[in-house]
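Q: Quick one, query_30.cif (mmCIF, C-alpha atoms):
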data_data
#
loop_
_atom_site.group_PDB
_atom_site.id
_atom_site.type_symbol
_atom_site.label_atom_id
_atom_site.label_comp_id
_atom_site.auth_asym_id
_atom_site.auth_seq_id
_atom_site.Cartn_x
_atom_site.Cartn_y
_atom_site.Cartn_z
ATOM 1 C CA MET T 29 19.537 41.342 -8.193
ATOM 2 C CA GLU T 30 18.630 38.832 -5.507
ATOM 3 C CA ILE T 31 16.394 35.852 -6.300
ATOM 4 C CA GLN T 32 13.496 35.592 -3.892
ATOM 5 C CA LYS T 33 12.322 32.182 -2.674
ATOM 6 C CA LEU T 34 8.605 31.615 -3.073
ATOM 7 C CA TYR T 35 8.549 28.917 -0.415
ATOM 8 C CA ASP T 36 10.907 26.952 1.753
ATOM 9 C CA LEU T 37 10.527 23.165 1.559
ATOM 10 C CA ASP T 38 11.404 22.876 5.247
ATOM 11 C CA ASP T 39 8.412 25.050 6.170
ATOM 12 C CA ILE T 40 5.846 23.030 4.227
ATOM 13 C CA GLU T 41 3.752 20.773 6.436
ATOM 14 C CA PHE T 42 2.688 17.541 4.786
ATOM 15 C CA GLU T 43 -0.682 16.042 5.639
ATOM 16 C CA ASP T 44 -0.748 12.605 7.224
ATOM 17 C CA ILE T 45 -2.377 9.833 5.204
ATOM 18 C CA ALA T 46 -5.125 7.664 6.688
ATOM 19 C CA ILE T 47 -4.885 4.033 5.562
ATOM 20 C CA GLY T 48 -6.481 0.771 6.635
ATOM 21 C CA LEU T 49 -4.654 -2.382 7.666
ATOM 22 C CA VAL T 50 -6.280 -5.604 6.487
ATOM 23 C CA ARG T 51 -5.497 -8.891 8.206
ATOM 24 C CA LEU T 52 -6.845 -12.179 6.895
ATOM 25 C CA ALA T 53 -8.179 -14.844 9.244
ATOM 26 C CA LYS T 54 -6.883 -17.593 6.951
ATOM 27 C CA ASN T 55 -4.478 -17.787 4.045
ATOM 28 C CA VAL T 56 -6.077 -17.408 0.623
ATOM 29 C CA PHE T 57 -4.705 -16.399 -2.753
ATOM 30 C CA ASP T 58 -5.164 -12.817 -3.927
ATOM 31 C CA HIS T 59 -7.556 -13.773 -6.695
ATOM 32 C CA GLU T 60 -9.772 -15.755 -4.287
ATOM 33 C CA PHE T 61 -9.898 -12.907 -1.789
ATOM 34 C CA PHE T 62 -10.897 -10.299 -4.378
ATOM 35 C CA PHE T 63 -13.359 -12.658 -6.048
ATOM 36 C CA LYS T 64 -15.193 -12.922 -2.710
ATOM 37 C CA ILE T 65 -15.055 -9.149 -2.157
ATOM 38 C CA ASN T 66 -16.390 -8.504 -5.676
ATOM 39 C CA GLN T 67 -19.250 -10.958 -5.092
ATOM 40 C CA ILE T 68 -20.634 -9.062 -2.086
ATOM 41 C CA ASN T 69 -19.928 -5.463 -3.216
ATOM 42 C CA ASP T 70 -20.911 -3.077 -5.982
ATOM 43 C CA LEU T 71 -17.189 -2.463 -6.257
ATOM 44 C CA LYS T 72 -15.224 -4.468 -8.783
ATOM 45 C CA PHE T 73 -11.603 -4.753 -7.742
ATOM 46 C CA SER T 74 -9.157 -5.577 -10.483
ATOM 47 C CA ARG T 75 -5.411 -5.971 -10.568
ATOM 48 C CA ILE T 76 -3.453 -2.927 -11.656
ATOM 49 C CA ASP T 77 0.274 -2.337 -12.168
ATOM 50 C CA ASP T 78 2.419 -3.549 -9.301
ATOM 51 C CA LEU T 79 3.974 -1.122 -6.882
ATOM 52 C CA ILE T 80 7.741 -1.357 -7.362
ATOM 53 C CA PHE T 81 10.254 -0.648 -4.605
ATOM 54 C CA HIS T 82 13.884 -0.367 -5.676
ATOM 55 C CA GLY T 83 16.315 -1.659 -3.071
ATOM 56 C CA SER T 84 20.085 -1.830 -3.280
ATOM 57 C CA TYR T 85 20.206 -5.518 -4.203
ATOM 58 C CA TYR T 86 16.605 -6.320 -5.183
ATOM 59 C CA ASP T 87 13.636 -4.758 -6.920
ATOM 60 C CA TYR T 88 10.481 -5.682 -5.002
ATOM 61 C CA TYR T 89 7.022 -5.987 -6.538
ATOM 62 C CA PHE T 90 3.832 -5.560 -4.512
ATOM 63 C CA SER T 91 0.476 -6.466 -6.043
ATOM 64 C CA ARG T 92 -2.214 -3.767 -6.191
ATOM 65 C CA PHE T 93 -5.958 -4.049 -6.699
ATOM 66 C CA GLU T 94 -8.165 -1.046 -7.353
ATOM 67 C CA ALA T 95 -11.882 -0.249 -7.620
ATOM 68 C CA TYR T 96 -13.977 2.878 -8.040
ATOM 69 C CA HIS T 97 -16.948 3.509 -5.752
ATOM 70 C CA LYS T 98 -19.481 5.422 -7.866
ATOM 71 C CA PHE T 99 -21.617 6.770 -5.030
ATOM 72 C CA THR T 100 -18.749 8.363 -3.071
ATOM 73 C CA LYS T 101 -16.635 8.947 -6.231
ATOM 74 C CA THR T 102 -13.647 7.394 -4.495
ATOM 75 C CA TYR T 103 -10.897 5.059 -5.648
ATOM 76 C CA PHE T 104 -9.932 2.295 -3.224
ATOM 77 C CA THR T 105 -6.606 0.508 -3.584
ATOM 78 C CA PHE T 106 -5.436 -2.640 -1.816
ATOM 79 C CA ILE T 107 -1.645 -2.933 -1.759
ATOM 80 C CA SER T 108 -0.011 -6.176 -0.695
ATOM 81 C CA ASN T 109 2.145 -5.617 2.402
ATOM 82 C CA LYS T 110 4.476 -8.481 1.470
ATOM 83 C CA SER T 111 6.342 -8.480 -1.826
ATOM 84 C CA CYS T 112 4.911 -10.973 -4.294
ATOM 85 C CA GLU T 113 8.104 -11.050 -6.345
ATOM 86 C CA SER T 114 11.678 -9.827 -6.136
ATOM 87 C CA LYS T 115 14.335 -9.559 -8.803
ATOM 88 C CA GLN T 116 17.967 -9.553 -7.784
ATOM 89 C CA LYS T 117 19.931 -6.671 -9.304
ATOM 90 C CA LYS T 118 23.365 -7.498 -7.969
ATOM 91 C CA ILE T 119 25.088 -10.024 -5.722
ATOM 92 C CA GLN T 120 25.329 -9.144 -2.037
ATOM 93 C CA THR T 121 28.943 -8.817 -0.989
ATOM 94 C CA GLU T 122 28.339 -7.557 2.536
ATOM 95 C CA LEU T 123 28.125 -10.110 5.321
ATOM 96 C CA PHE T 124 25.420 -8.373 7.349
ATOM 97 C CA SER T 125 23.229 -6.823 4.697
ATOM 98 C CA GLU T 126 19.809 -5.655 5.864
ATOM 99 C CA GLU T 127 18.221 -6.555 2.524
ATOM 100 C CA GLU T 128 16.590 -9.926 1.851
ATOM 101 C CA ASN T 129 14.618 -11.275 -1.079
ATOM 102 C CA ILE T 130 11.285 -10.626 0.699
ATOM 103 C CA LYS T 131 10.230 -7.156 1.809
ATOM 104 C CA PHE T 132 7.319 -5.781 3.823
ATOM 105 C CA LEU T 133 6.077 -2.247 3.235
ATOM 106 C CA LEU T 134 5.223 -2.009 6.941
ATOM 107 C CA ASN T 135 8.124 -3.760 8.669
ATOM 108 C CA ASN T 136 6.495 -3.475 12.096
ATOM 109 C CA GLN T 137 3.204 -4.982 10.830
ATOM 110 C CA VAL T 138 4.214 -8.267 9.159
ATOM 111 C CA ASP T 139 0.868 -9.882 10.065
ATOM 112 C CA VAL T 140 -0.948 -7.406 7.781
ATOM 113 C CA GLU T 141 -1.738 -8.833 4.337
ATOM 114 C CA TYR T 142 -3.023 -5.659 2.655
ATOM 115 C CA ILE T 143 -2.758 -1.911 3.041
ATOM 116 C CA LEU T 144 -5.995 -0.201 2.047
ATOM 117 C CA HIS T 145 -5.668 3.287 0.627
ATOM 118 C CA SER T 146 -8.282 5.717 -0.614
ATOM 119 C CA SER T 147 -8.237 8.748 -2.873
ATOM 120 C CA GLU T 148 -10.054 10.674 -0.119
ATOM 121 C CA GLN T 149 -8.170 12.513 2.606
ATOM 122 C CA PHE T 150 -10.532 11.113 5.266
ATOM 123 C CA PRO T 151 -11.521 7.718 3.859
ATOM 124 C CA ASP T 152 -14.606 5.748 4.820
ATOM 125 C CA PHE T 153 -13.584 2.108 4.502
ATOM 126 C CA SER T 154 -16.983 0.965 5.786
ATOM 127 C CA VAL T 155 -18.398 1.150 2.226
ATOM 128 C CA ILE T 156 -16.386 -1.992 1.446
ATOM 129 C CA LEU T 157 -18.095 -5.128 2.676
ATOM 130 C CA LEU T 158 -15.605 -7.808 3.664
ATOM 131 C CA PRO T 159 -16.230 -11.578 3.551
ATOM 132 C CA GLU T 160 -17.214 -13.003 6.937
ATOM 133 C CA ASN T 161 -14.853 -15.469 8.632
ATOM 134 C CA LEU T 162 -12.082 -14.457 6.227
ATOM 135 C CA VAL T 163 -11.052 -10.961 7.310
ATOM 136 C CA PHE T 164 -10.570 -9.255 10.646
ATOM 137 C CA PRO T 165 -12.009 -5.731 10.976
ATOM 138 C CA ILE T 166 -10.016 -3.061 9.137
ATOM 139 C CA GLN T 167 -7.656 -1.247 11.485
ATOM 140 C CA ASP T 168 -7.269 2.491 10.936
ATOM 141 C CA TYR T 169 -3.662 3.607 10.712
ATOM 142 C CA THR T 170 -2.075 7.000 10.126
ATOM 143 C CA LEU T 171 1.075 7.403 8.066
ATOM 144 C CA SER T 172 3.222 10.412 8.846
ATOM 145 C CA SER T 173 5.213 12.133 6.129
ATOM 146 C CA GLU T 174 8.481 10.804 7.611
ATOM 147 C CA GLU T 175 7.578 7.176 6.903
ATOM 148 C CA GLU T 176 8.898 5.458 3.785
ATOM 149 C CA LEU T 177 5.460 4.117 2.798
ATOM 150 C CA TYR T 178 4.071 7.673 2.818
ATOM 151 C CA GLN T 179 6.473 8.674 0.041
ATOM 152 C CA ILE T 180 5.690 5.499 -1.944
ATOM 153 C CA ILE T 181 1.920 6.072 -1.780
ATOM 154 C CA GLN T 182 2.338 9.726 -2.774
ATOM 155 C CA TYR T 183 4.402 8.641 -5.792
ATOM 156 C CA TYR T 184 1.800 6.124 -6.987
ATOM 157 C CA GLU T 185 -1.207 8.359 -6.309
#
Let's see the structure in the file written out as structure tokens.

A:
Amino acid sequence: MEIQKLYDLDDIEFEDIAIGLVRLAKNVFDHEFFFKINQINDLKFSRIDDLIFHGSYYDYYFSRFEAYHKFTKTYFTFISNKSCESKQKKIQTELFSEEENIKFLLNNQVDVEYILHSSEQFPDFSVILLPENLVFPIQDYTLSSEEELYQIIQYYE
């Protein structure tokens, strides 16, 4: 008897994820930035478990801050674009290794400090008030299912 496939993984279309890119106008520590955001919002961002990316030579840790917006019933998560810590797993023996001790989740956006993600499919980031003179406007960005960060966000969701 022949086993029938219920679905083919190649035929499944994955939805793109809408995220926000947050650039700071000046360098501040994470705790200062979220203290200021918490002061001017009903949201209370707090640090949650780090996002961990396992490389060949290093494990990279990216800080995450999350809050729940009661009115829209939405979770908002800020993920640091730049690793806050890395732990070396093994010594690099290759001369031209692509892996360094610092990693960016968005390699083509190294000027972005935070990636803002929402539990909604079509997020409204305007409910988060940002401190004046500290943050540039949030830039909307769409992640396709082929991008590495897409898979990471899906795993941590």

Q: Given the file shown, enumerate the residues that the PyMOL selection byres ((chain T and resi 163-165) around 8) captures and present them as a list of chain:residue names.

A: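 Selection result, ordered by chain and number: T:Val50, T:Arg51, T:Leu52, T:Ala53, T:Lys54, T:Leu158, T:Pro159, T:Glu160, T:Asn161, T:Leu162, T:Ile166, T:Gln167.
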
Q: Hey, which of T:Lys101, T:Glu126, T:Glu175, T:Phe106 ends up closest to Ser84 of chain T? Count only C-alpha atoms.

A: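 Using only C-alpha atoms, Ser84 of chain T sits closest to T:Glu126.
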
Q: Give me the result of the PyMOL selection byres ((chain T and resi 69) around 12) on this file, residue by residue, as number ranges by chain.

A: T: 62-68, 70-73, 95-98, 154-159

Q: Taking C-alpha atoms for each residue, export the selection above as a compact mmCIF listing (two decimals), keeping the file's coordinate frame.

A:
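Saved the output as again20.txt:
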# COMPACT_ATOMS: atom_id res chain seq x y z
CA PHE T 62 -10.90 -10.30 -4.38
CA PHE T 63 -13.36 -12.66 -6.05
CA LYS T 64 -15.19 -12.92 -2.71
CA ILE T 65 -15.06 -9.15 -2.16
CA ASN T 66 -16.39 -8.50 -5.68
CA GLN T 67 -19.25 -10.96 -5.09
CA ILE T 68 -20.63 -9.06 -2.09
CA ASP T 70 -20.91 -3.08 -5.98
CA LEU T 71 -17.19 -2.46 -6.26
CA LYS T 72 -15.22 -4.47 -8.78
CA PHE T 73 -11.60 -4.75 -7.74
CA ALA T 95 -11.88 -0.25 -7.62
CA TYR T 96 -13.98 2.88 -8.04
CA HIS T 97 -16.95 3.51 -5.75
CA LYS T 98 -19.48 5.42 -7.87
CA SER T 154 -16.98 0.96 5.79
CA VAL T 155 -18.40 1.15 2.23
CA ILE T 156 -16.39 -1.99 1.45
CA LEU T 157 -18.10 -5.13 2.68
CA LEU T 158 -15.60 -7.81 3.66
CA PRO T 159 -16.23 -11.58 3.55

Q: Counting all atoms listed in the file, which of T:Asp78, T:Gly48, T:Ser91, T:Asn109 gets nearest to Ser146 of chain T?

A: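 For Ser146 of chain T, the nearest of the candidates is T:Gly48.
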
Q: I'd like to see the residues matched by the PyMOL selection byres ((chain T and resi 88) around 12) on this file, and ideally I'd get them as a ChimeraX atom specification.

A: /T:78-87,89-91,108-117,127-133

Q: Just checking: using all atoms listed in the file, which residue out of T:Gln179, T:Gln149, T:Thr121, T:Asn136 ends up closest to Phe104 of chain T?

A: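 Smallest separation from Phe104 of chain T among the options: T:Gln149.
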
Q: Enclose all atoms of segment 128-136 of chain T listed in the file in an axis-aligned box, grow every side by 8 Å, and hand back centre and edge lengths in Å to one decimal, as lines of an AutoDock Vina configuration file.

A:
center_x = 10.9
center_y = -6.6
center_z = 5.5
size_x = 27.4
size_y = 25.3
size_z = 29.2

Q: So what do you get for atom CA of Phe61 of chain T versus atom CA of Ile180 of chain T, distance-wise?

A: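 Between atom CA of Phe61 of chain T and atom CA of Ile180 of chain T the gap works out to 24.1 Å.
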
Q: What is the distance, in Å and to one decimal place, between atom CA of Gln137 of chain T and atom CA of Phe57 of chain T?

A: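 These atoms are spaced 19.4 Å apart.
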
Q: Can you fill out segment 140-151 of chain T with all heavy atoms and hand it back as an mmCIF file, keeping the file's coordinate frame?

A:
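File written: part.cif
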data_model
loop_
_atom_site.group_PDB
_atom_site.id
_atom_site.type_symbol
_atom_site.label_atom_id
_atom_site.label_comp_id
_atom_site.auth_asym_id
_atom_site.auth_seq_id
_atom_site.Cartn_x
_atom_site.Cartn_y
_atom_site.Cartn_z
ATOM 1 N N VAL T 140 0.010 -8.094 8.649
ATOM 2 C CA VAL T 140 -0.948 -7.406 7.781
ATOM 3 C C VAL T 140 -0.747 -7.890 6.351
ATOM 4 O O VAL T 140 0.365 -7.861 5.834
ATOM 5 C CB VAL T 140 -0.752 -5.867 7.865
ATOM 6 C CG1 VAL T 140 -1.571 -5.148 6.812
ATOM 7 C CG2 VAL T 140 -1.081 -5.369 9.245
ATOM 8 N N GLU T 141 -1.833 -8.363 5.724
ATOM 9 C CA GLU T 141 -1.738 -8.833 4.337
ATOM 10 C C GLU T 141 -1.863 -7.693 3.336
ATOM 11 O O GLU T 141 -1.186 -7.688 2.310
ATOM 12 C CB GLU T 141 -2.822 -9.880 4.039
ATOM 13 C CG GLU T 141 -2.437 -11.279 4.386
ATOM 14 C CD GLU T 141 -2.542 -11.560 5.891
ATOM 15 O OE1 GLU T 141 -3.261 -10.854 6.611
ATOM 16 O OE2 GLU T 141 -1.871 -12.497 6.340
ATOM 17 N N TYR T 142 -2.770 -6.737 3.612
ATOM 18 C CA TYR T 142 -3.023 -5.659 2.655
ATOM 19 C C TYR T 142 -3.073 -4.306 3.359
ATOM 20 O O TYR T 142 -3.515 -4.196 4.499
ATOM 21 C CB TYR T 142 -4.358 -5.861 1.921
ATOM 22 C CG TYR T 142 -4.411 -7.126 1.126
ATOM 23 C CD1 TYR T 142 -5.091 -8.235 1.605
ATOM 24 C CD2 TYR T 142 -3.784 -7.221 -0.114
ATOM 25 C CE1 TYR T 142 -5.140 -9.412 0.878
ATOM 26 C CE2 TYR T 142 -3.824 -8.393 -0.843
ATOM 27 C CZ TYR T 142 -4.504 -9.482 -0.341
ATOM 28 O OH TYR T 142 -4.536 -10.634 -1.054
ATOM 29 N N ILE T 143 -2.645 -3.304 2.616
ATOM 30 C CA ILE T 143 -2.758 -1.911 3.041
ATOM 31 C C ILE T 143 -3.838 -1.311 2.156
ATOM 32 O O ILE T 143 -3.750 -1.369 0.926
ATOM 33 C CB ILE T 143 -1.416 -1.180 2.849
ATOM 34 C CG1 ILE T 143 -0.356 -1.834 3.727
ATOM 35 C CG2 ILE T 143 -1.570 0.302 3.143
ATOM 36 C CD1 ILE T 143 1.065 -1.541 3.307
ATOM 37 N N LEU T 144 -4.861 -0.768 2.779
ATOM 38 C CA LEU T 144 -5.995 -0.201 2.047
ATOM 39 C C LEU T 144 -5.846 1.306 2.016
ATOM 40 O O LEU T 144 -5.698 1.947 3.059
ATOM 41 C CB LEU T 144 -7.303 -0.623 2.715
ATOM 42 C CG LEU T 144 -8.599 -0.134 2.097
ATOM 43 C CD1 LEU T 144 -8.700 -0.508 0.622
ATOM 44 C CD2 LEU T 144 -9.785 -0.704 2.871
ATOM 45 N N HIS T 145 -5.852 1.850 0.813
ATOM 46 C CA HIS T 145 -5.668 3.287 0.627
ATOM 47 C C HIS T 145 -6.844 3.833 -0.175
ATOM 48 O O HIS T 145 -7.420 3.137 -1.001
ATOM 49 C CB HIS T 145 -4.347 3.543 -0.108
ATOM 50 C CG HIS T 145 -4.096 4.972 -0.408
ATOM 51 N ND1 HIS T 145 -4.244 5.506 -1.653
ATOM 52 C CD2 HIS T 145 -3.721 5.990 0.391
ATOM 53 C CE1 HIS T 145 -3.960 6.790 -1.613
ATOM 54 N NE2 HIS T 145 -3.639 7.108 -0.385
ATOM 55 N N SER T 146 -7.180 5.080 0.079
ATOM 56 C CA SER T 146 -8.282 5.717 -0.614
ATOM 57 C C SER T 146 -7.831 7.029 -1.232
ATOM 58 O O SER T 146 -6.878 7.652 -0.767
ATOM 59 C CB SER T 146 -9.421 5.973 0.382
ATOM 60 O OG SER T 146 -10.375 6.827 -0.174
ATOM 61 N N SER T 147 -8.547 7.463 -2.258
ATOM 62 C CA SER T 147 -8.237 8.748 -2.873
ATOM 63 C C SER T 147 -8.739 9.920 -2.032
ATOM 64 O O SER T 147 -8.396 11.062 -2.295
ATOM 65 C CB SER T 147 -8.826 8.822 -4.287
ATOM 66 O OG SER T 147 -10.234 8.657 -4.239
ATOM 67 N N GLU T 148 -9.543 9.643 -1.021
ATOM 68 C CA GLU T 148 -10.054 10.674 -0.119
ATOM 69 C C GLU T 148 -9.054 10.953 1.000
ATOM 70 O O GLU T 148 -8.336 10.062 1.431
ATOM 71 C CB GLU T 148 -11.372 10.229 0.514
ATOM 72 C CG GLU T 148 -12.503 10.093 -0.469
ATOM 73 C CD GLU T 148 -12.952 11.425 -1.016
ATOM 74 O OE1 GLU T 148 -13.069 12.393 -0.233
ATOM 75 O OE2 GLU T 148 -13.173 11.508 -2.233
ATOM 76 N N GLN T 149 -9.061 12.187 1.493
ATOM 77 C CA GLN T 149 -8.170 12.513 2.606
ATOM 78 C C GLN T 149 -8.636 11.843 3.895
ATOM 79 O O GLN T 149 -7.834 11.386 4.697
ATOM 80 C CB GLN T 149 -8.091 14.023 2.799
ATOM 81 C CG GLN T 149 -7.108 14.417 3.886
ATOM 82 C CD GLN T 149 -6.941 15.919 3.996
ATOM 83 O OE1 GLN T 149 -7.591 16.681 3.292
ATOM 84 N NE2 GLN T 149 -6.073 16.334 4.889
ATOM 85 N N PHE T 150 -9.954 11.792 4.092
ATOM 86 C CA PHE T 150 -10.532 11.113 5.266
ATOM 87 C C PHE T 150 -11.403 9.974 4.759
ATOM 88 O O PHE T 150 -12.609 10.135 4.577
ATOM 89 C CB PHE T 150 -11.344 12.104 6.114
ATOM 90 C CG PHE T 150 -10.540 13.284 6.569
ATOM 91 C CD1 PHE T 150 -10.729 14.539 6.001
ATOM 92 C CD2 PHE T 150 -9.580 13.134 7.549
ATOM 93 C CE1 PHE T 150 -9.969 15.628 6.416
ATOM 94 C CE2 PHE T 150 -8.811 14.214 7.976
ATOM 95 C CZ PHE T 150 -9.011 15.469 7.398
ATOM 96 N N PRO T 151 -10.793 8.817 4.510
ATOM 97 C CA PRO T 151 -11.521 7.718 3.859
ATOM 98 C C PRO T 151 -12.542 7.049 4.776
ATOM 99 O O PRO T 151 -12.389 7.007 5.990
ATOM 100 C CB PRO T 151 -10.404 6.744 3.500
ATOM 101 C CG PRO T 151 -9.328 7.014 4.485
ATOM 102 C CD PRO T 151 -9.415 8.480 4.807
#
